[in-house]
Amino acid sequence: MDNVERTRINNLRLGEAIFLGCVPAEQAPIKGLYTDAITLSAEVIEAKVKPTFPWGERGINAFGEKEYVKDRGAVAQAILALGRQDVCVTGLKSPDGIRVVSSCSDHLIVEAPNASLTVGEKVTFALEYSAFLASMSSASVDKVFNN
């Protein structure tokens with residue numbers, strides 16, 4: 001094998017740049033590409049004003065974590081039909097006015113103090129690569145392609 005063959009590029013990994021429109025190392029938008037071409041929507045299955053601090057004794061969750069919760073009084077919360085079995089929750093970029101508070105295997109808890117979410121409404125998230133990869137690999141997430 002000569003030097004020319006050993007130095008040729010034979011594999012380019014461009015998924016994050018092409019699908020999400022950003023430079024992976026900096027998460028900076030690439031000029032001319034869309035950063036919102038792929039989104040993930042989840043349905044609100046419950047919406048209520050609830051206390052931020054749960055009552056009773058708290059233990060660990062199904063993932064071995066014991067989350068710290070600060071008592072901030074009652075806030076508008078919603079439960080979405082989306083969870084860790086469907087997506088890498090830390091890779092979700094929430095819309096303005098909505099904050100992800102917690103998640104379990106099949107639900108996502110969000111706070112929306114300035115937005116009144118209602119049951120049946122869809123909340124649409126932008127994705128980082130980890131969330132994109134997991135959601136596209138999940139059989140539980142419907143993929144819809146629009147032209």
# chains A, B, ... in the order shown; residues from 1 in each chain; ligands from 1
call {"tool": "residues_around", "arguments": {"residues": "Val119 (chain A)", "least_positions_apart": "3", "cutoff": "9 Å", "atoms": "only C-alpha atoms", "output": "number ranges by chain"}}
result
A: 43-47, 78, 122
call {"tool": "closest_residue", "arguments": {"among": "A:Met136, A:Ala81, A:Thr90, A:Arg72", "to": "Gly120 (chain A)", "atoms": "only C-alpha atoms"}}
result
A:Ala81
call {"tool": "residues_around", "arguments": {"residues": "Ser41 (chain A)", "least_positions_apart": "4", "cutoff": "10 Å", "atoms": "only C-alpha atoms", "output": "ChimeraX atom specification"}}
result
/A:80-82,121-126,141-142
call {"tool": "closest_residue", "arguments": {"among": "A:Val87, A:Val101, A:Ala25, A:Ile38", "to": "Val69 (chain A)", "atoms": "only C-alpha atoms"}}
result
A:Val101
call {"tool": "residues_around", "arguments": {"residues": "Ala74 (chain A)", "least_positions_apart": "3", "cutoff": "12 Å", "atoms": "only C-alpha atoms", "output": "tab-separated table (two decimals) with N, CA, C and O atoms, in the first residue's frame"}}
result
chain	number	residue	atom	x	y	z
A	48	LYS	N	-51.19	20.83	36.36
A	48	LYS	CA	-51.77	21.33	37.61
A	48	LYS	C	-50.79	22.26	38.31
A	48	LYS	O	-49.59	22.23	38.04
A	49	VAL	N	-51.31	23.02	39.23
A	49	VAL	CA	-50.46	23.76	40.15
A	49	VAL	C	-50.16	22.81	41.29
A	49	VAL	O	-51.09	22.26	41.90
A	50	LYS	N	-48.87	22.59	41.54
A	50	LYS	CA	-48.46	21.61	42.56
A	50	LYS	C	-47.35	22.19	43.42
A	50	LYS	O	-46.62	23.09	42.99
A	51	PRO	N	-47.19	21.63	44.63
A	51	PRO	CA	-46.08	22.07	45.47
A	51	PRO	C	-44.76	21.57	44.88
A	51	PRO	O	-44.69	20.47	44.33
A	52	THR	N	-43.71	22.40	44.98
A	52	THR	CA	-42.41	21.98	44.45
A	52	THR	C	-41.75	20.96	45.36
A	52	THR	O	-40.90	20.19	44.92
A	53	PHE	N	-42.13	20.96	46.62
A	53	PHE	CA	-41.52	20.03	47.58
A	53	PHE	C	-42.53	18.94	47.94
A	53	PHE	O	-43.58	19.23	48.51
A	54	PRO	N	-42.26	17.70	47.58
A	54	PRO	CA	-43.22	16.63	47.86
A	54	PRO	C	-43.30	16.33	49.36
A	54	PRO	O	-42.34	16.53	50.10
A	70	LYS	N	-35.75	21.77	46.16
A	70	LYS	CA	-35.89	22.97	46.99
A	70	LYS	C	-37.36	23.36	47.05
A	70	LYS	O	-38.05	23.36	46.03
A	71	ASP	N	-37.82	23.69	48.23
A	71	ASP	CA	-39.21	24.12	48.40
A	71	ASP	C	-39.36	25.56	47.91
A	71	ASP	O	-38.81	26.49	48.49
A	77	GLN	N	-47.04	22.98	37.02
A	77	GLN	CA	-46.26	21.84	36.53
A	77	GLN	C	-47.09	21.05	35.53
A	77	GLN	O	-48.31	21.09	35.55
A	111	GLU	N	-41.86	22.51	34.54
A	111	GLU	CA	-42.50	23.67	35.14
A	111	GLU	C	-42.70	24.70	34.05
A	111	GLU	O	-41.83	24.89	33.20
A	112	ALA	N	-43.85	25.32	34.07
A	112	ALA	CA	-44.17	26.34	33.07
A	112	ALA	C	-44.88	27.50	33.76
A	112	ALA	O	-46.08	27.71	33.55
A	113	PRO	N	-44.16	28.26	34.58
A	113	PRO	CA	-44.83	29.31	35.36
A	113	PRO	C	-45.47	30.41	34.53
A	113	PRO	O	-46.45	31.00	34.94
call {"tool": "select_by_dssp", "arguments": {"residues": "region 15-95 of chain A", "states": "helix (DSSP H, G or I)", "output": "list in words"}}
result
Gly15, Glu16, Ala17, Ile18, Phe19, Leu20, Val89, Thr90 and Gly91 of chain A
call {"tool": "write_last_selection", "arguments": {"atoms": "C-alpha atoms", "output": "compact mmCIF listing (two decimals), in the first residue's frame"}}
result
# COMPACT_ATOMS: atom_id res chain seq x y z
CA GLY A 15 -24.71 13.45 11.41
CA GLU A 16 -24.85 16.13 14.09
CA ALA A 17 -23.77 18.85 11.69
CA ILE A 18 -26.23 17.85 8.97
CA PHE A 19 -29.25 16.97 11.12
CA LEU A 20 -28.89 19.56 13.89
CA VAL A 89 -33.40 13.98 28.88
CA THR A 90 -30.27 16.08 29.46
CA GLY A 91 -30.09 16.57 25.68
call {"tool": "closest_residue", "arguments": {"among": "A:Ala42, A:Ser137, A:Phe132, A:Asn147", "to": "Ile109 (chain A)", "atoms": "only C-alpha atoms"}}
result
A:Ala42
call {"tool": "closest_residue", "arguments": {"among": "A:Asp106, A:Ile79, A:Leu127, A:Asn114", "to": "Lys93 (chain A)", "atoms": "only C-alpha atoms"}}
result
A:Leu127
call {"tool": "closest_residue", "arguments": {"among": "A:Phe145, A:Val75, A:Glu128, A:Ser116", "to": "Ala28 (chain A)", "atoms": "only C-alpha atoms"}}
result
A:Glu128
call {"tool": "atom_distance", "arguments": {"atom1": "CA of Gly73 (chain A)", "atom2": "CA of Ser105 (chain A)"}}
result
25.9 Å
call {"tool": "atom_distance", "arguments": {"atom1": "CA of Cys88 (chain A)", "atom2": "CA of Phe63 (chain A)"}}
result
13.3 Å
call {"tool": "atom_distance", "arguments": {"atom1": "CA of Gly83 (chain A)", "atom2": "CA of Thr35 (chain A)"}}
result
22.9 Å
call {"tool": "select_by_dssp", "arguments": {"residues": "chain A", "states": "strand (DSSP E)", "output": "PyMOL selection string"}}
result
chain A and resi 22-23+28-29+39-51+74-80+92-93+99-103+108-111+122-127
call {"tool": "decode", "arguments": {"residues": "region 58-106 of chain A", "atoms": "N, CA and C atoms", "output": "mmCIF file, in the first residue's frame"}}
result
data_model
loop_
_atom_site.group_PDB
_atom_site.id
_atom_site.type_symbol
_atom_site.label_atom_id
_atom_site.label_comp_id
_atom_site.auth_asym_id
_atom_site.auth_seq_id
_atom_site.Cartn_x
_atom_site.Cartn_y
_atom_site.Cartn_z
ATOM 1 N N ARG A 58 -38.712 10.700 51.248
ATOM 2 C CA ARG A 58 -38.248 10.498 49.871
ATOM 3 C C ARG A 58 -37.132 9.467 49.849
ATOM 4 N N GLY A 59 -37.141 8.659 48.835
ATOM 5 C CA GLY A 59 -36.081 7.673 48.635
ATOM 6 C C GLY A 59 -35.417 7.905 47.293
ATOM 7 N N ILE A 60 -34.757 6.882 46.805
ATOM 8 C CA ILE A 60 -34.102 6.990 45.504
ATOM 9 C C ILE A 60 -35.092 6.625 44.401
ATOM 10 N N ASN A 61 -34.824 7.115 43.209
ATOM 11 C CA ASN A 61 -35.698 6.787 42.084
ATOM 12 C C ASN A 61 -35.238 5.478 41.432
ATOM 13 N N ALA A 62 -35.863 5.102 40.350
ATOM 14 C CA ALA A 62 -35.562 3.836 39.674
ATOM 15 C C ALA A 62 -34.155 3.791 39.105
ATOM 16 N N PHE A 63 -33.500 4.948 39.023
ATOM 17 C CA PHE A 63 -32.157 5.017 38.457
ATOM 18 C C PHE A 63 -31.094 5.167 39.541
ATOM 19 N N GLY A 64 -31.489 4.953 40.815
ATOM 20 C CA GLY A 64 -30.549 5.024 41.925
ATOM 21 C C GLY A 64 -30.175 6.436 42.339
ATOM 22 N N GLU A 65 -30.969 7.403 41.936
ATOM 23 C CA GLU A 65 -30.674 8.797 42.232
ATOM 24 C C GLU A 65 -31.623 9.330 43.305
ATOM 25 N N LYS A 66 -31.108 10.198 44.144
ATOM 26 C CA LYS A 66 -31.959 10.908 45.095
ATOM 27 C C LYS A 66 -31.780 12.386 44.778
ATOM 28 N N GLU A 67 -32.761 12.937 44.094
ATOM 29 C CA GLU A 67 -32.673 14.314 43.623
ATOM 30 C C GLU A 67 -32.937 15.299 44.751
ATOM 31 N N TYR A 68 -32.149 16.361 44.773
ATOM 32 C CA TYR A 68 -32.361 17.450 45.720
ATOM 33 C C TYR A 68 -33.520 18.292 45.209
ATOM 34 N N VAL A 69 -34.477 18.578 46.079
ATOM 35 C CA VAL A 69 -35.627 19.394 45.712
ATOM 36 C C VAL A 69 -35.724 20.554 46.690
ATOM 37 N N LYS A 70 -35.749 21.770 46.159
ATOM 38 C CA LYS A 70 -35.889 22.967 46.988
ATOM 39 C C LYS A 70 -37.359 23.358 47.049
ATOM 40 N N ASP A 71 -37.823 23.692 48.225
ATOM 41 C CA ASP A 71 -39.214 24.122 48.401
ATOM 42 C C ASP A 71 -39.356 25.557 47.908
ATOM 43 N N ARG A 72 -40.072 25.724 46.807
ATOM 44 C CA ARG A 72 -40.303 27.044 46.225
ATOM 45 C C ARG A 72 -41.794 27.379 46.200
ATOM 46 N N GLY A 73 -42.565 26.625 46.957
ATOM 47 C CA GLY A 73 -44.004 26.867 46.982
ATOM 48 C C GLY A 73 -44.698 26.160 45.827
ATOM 49 N N ALA A 74 -45.910 26.577 45.547
ATOM 50 C CA ALA A 74 -46.716 25.974 44.477
ATOM 51 C C ALA A 74 -46.352 26.590 43.129
ATOM 52 N N VAL A 75 -46.222 25.737 42.121
ATOM 53 C CA VAL A 75 -45.892 26.198 40.764
ATOM 54 C C VAL A 75 -46.710 25.417 39.741
ATOM 55 N N ALA A 76 -46.839 25.978 38.553
ATOM 56 C CA ALA A 76 -47.537 25.295 37.462
ATOM 57 C C ALA A 76 -46.616 24.213 36.900
ATOM 58 N N GLN A 77 -47.037 22.977 37.024
ATOM 59 C CA GLN A 77 -46.264 21.843 36.532
ATOM 60 C C GLN A 77 -47.090 21.047 35.533
ATOM 61 N N ALA A 78 -46.389 20.319 34.700
ATOM 62 C CA ALA A 78 -47.060 19.421 33.760
ATOM 63 C C ALA A 78 -46.255 18.134 33.660
ATOM 64 N N ILE A 79 -46.960 17.063 33.384
ATOM 65 C CA ILE A 79 -46.320 15.779 33.116
ATOM 66 C C ILE A 79 -46.481 15.505 31.625
ATOM 67 N N LEU A 80 -45.371 15.194 30.970
ATOM 68 C CA LEU A 80 -45.375 14.907 29.537
ATOM 69 C C LEU A 80 -45.153 13.423 29.311
ATOM 70 N N ALA A 81 -45.744 12.911 28.235
ATOM 71 C CA ALA A 81 -45.612 11.491 27.876
ATOM 72 C C ALA A 81 -44.303 11.278 27.121
ATOM 73 N N LEU A 82 -43.215 11.375 27.854
ATOM 74 C CA LEU A 82 -41.874 11.206 27.302
ATOM 75 C C LEU A 82 -40.959 10.938 28.484
ATOM 76 N N GLY A 83 -40.054 9.999 28.352
ATOM 77 C CA GLY A 83 -39.175 9.698 29.475
ATOM 78 C C GLY A 83 -37.823 9.186 29.037
ATOM 79 N N ARG A 84 -37.075 8.693 30.003
ATOM 80 C CA ARG A 84 -35.704 8.255 29.761
ATOM 81 C C ARG A 84 -35.606 7.037 28.850
ATOM 82 N N GLN A 85 -36.671 6.262 28.745
ATOM 83 C CA GLN A 85 -36.626 5.131 27.807
ATOM 84 C C GLN A 85 -36.743 5.606 26.367
ATOM 85 N N ASP A 86 -37.160 6.855 26.181
ATOM 86 C CA ASP A 86 -37.374 7.414 24.852
ATOM 87 C C ASP A 86 -36.277 8.365 24.407
ATOM 88 N N VAL A 87 -35.641 9.031 25.356
ATOM 89 C CA VAL A 87 -34.746 10.133 25.007
ATOM 90 C C VAL A 87 -33.720 10.353 26.116
ATOM 91 N N CYS A 88 -32.595 10.920 25.771
ATOM 92 C CA CYS A 88 -31.617 11.389 26.756
ATOM 93 C C CYS A 88 -32.124 12.752 27.223
ATOM 94 N N VAL A 89 -32.713 12.789 28.397
ATOM 95 C CA VAL A 89 -33.402 13.984 28.884
ATOM 96 C C VAL A 89 -32.465 15.183 28.986
ATOM 97 N N THR A 90 -31.213 14.958 29.341
ATOM 98 C CA THR A 90 -30.273 16.078 29.459
ATOM 99 C C THR A 90 -29.967 16.710 28.103
ATOM 100 N N GLY A 91 -30.312 16.037 27.014
ATOM 101 C CA GLY A 91 -30.086 16.574 25.676
ATOM 102 C C GLY A 91 -31.273 17.324 25.098
ATOM 103 N N LEU A 92 -32.311 17.542 25.907
ATOM 104 C CA LEU A 92 -33.476 18.314 25.463
ATOM 105 C C LEU A 92 -33.245 19.797 25.698
ATOM 106 N N LYS A 93 -33.615 20.604 24.731
ATOM 107 C CA LYS A 93 -33.571 22.066 24.880
ATOM 108 C C LYS A 93 -35.008 22.542 24.958
ATOM 109 N N SER A 94 -35.411 22.969 26.137
ATOM 110 C CA SER A 94 -36.796 23.372 26.378
ATOM 111 C C SER A 94 -37.146 24.670 25.673
ATOM 112 N N PRO A 95 -38.415 24.799 25.284
ATOM 113 C CA PRO A 95 -38.862 26.093 24.747
ATOM 114 C C PRO A 95 -38.811 27.157 25.849
ATOM 115 N N ASP A 96 -38.767 28.405 25.439
ATOM 116 C CA ASP A 96 -38.757 29.512 26.406
ATOM 117 C C ASP A 96 -39.940 29.390 27.355
ATOM 118 N N GLY A 97 -39.679 29.602 28.645
ATOM 119 C CA GLY A 97 -40.740 29.588 29.647
ATOM 120 C C GLY A 97 -41.048 28.217 30.214
ATOM 121 N N ILE A 98 -40.362 27.186 29.722
ATOM 122 C CA ILE A 98 -40.593 25.820 30.220
ATOM 123 C C ILE A 98 -39.259 25.252 30.683
ATOM 124 N N ARG A 99 -39.278 24.617 31.864
ATOM 125 C CA ARG A 99 -38.051 24.053 32.427
ATOM 126 C C ARG A 99 -38.283 22.604 32.821
ATOM 127 N N VAL A 100 -37.400 21.716 32.390
ATOM 128 C CA VAL A 100 -37.476 20.311 32.788
ATOM 129 C C VAL A 100 -37.041 20.216 34.242
ATOM 130 N N VAL A 101 -37.898 19.603 35.068
ATOM 131 C CA VAL A 101 -37.632 19.483 36.494
ATOM 132 C C VAL A 101 -37.110 18.100 36.837
ATOM 133 N N SER A 102 -37.730 17.078 36.263
ATOM 134 C CA SER A 102 -37.371 15.718 36.607
ATOM 135 C C SER A 102 -37.876 14.775 35.516
ATOM 136 N N SER A 103 -37.440 13.530 35.607
ATOM 137 C CA SER A 103 -37.911 12.530 34.647
ATOM 138 C C SER A 103 -37.821 11.152 35.263
ATOM 139 N N CYS A 104 -38.641 10.267 34.731
ATOM 140 C CA CYS A 104 -38.553 8.857 35.081
ATOM 141 C C CYS A 104 -38.514 8.096 33.757
ATOM 142 N N SER A 105 -38.736 6.817 33.797
ATOM 143 C CA SER A 105 -38.602 6.035 32.574
ATOM 144 C C SER A 105 -39.573 6.459 31.479
ATOM 145 N N ASP A 106 -40.795 6.863 31.841
ATOM 146 C CA ASP A 106 -41.779 7.173 30.803
ATOM 147 C C ASP A 106 -42.469 8.522 30.937
#
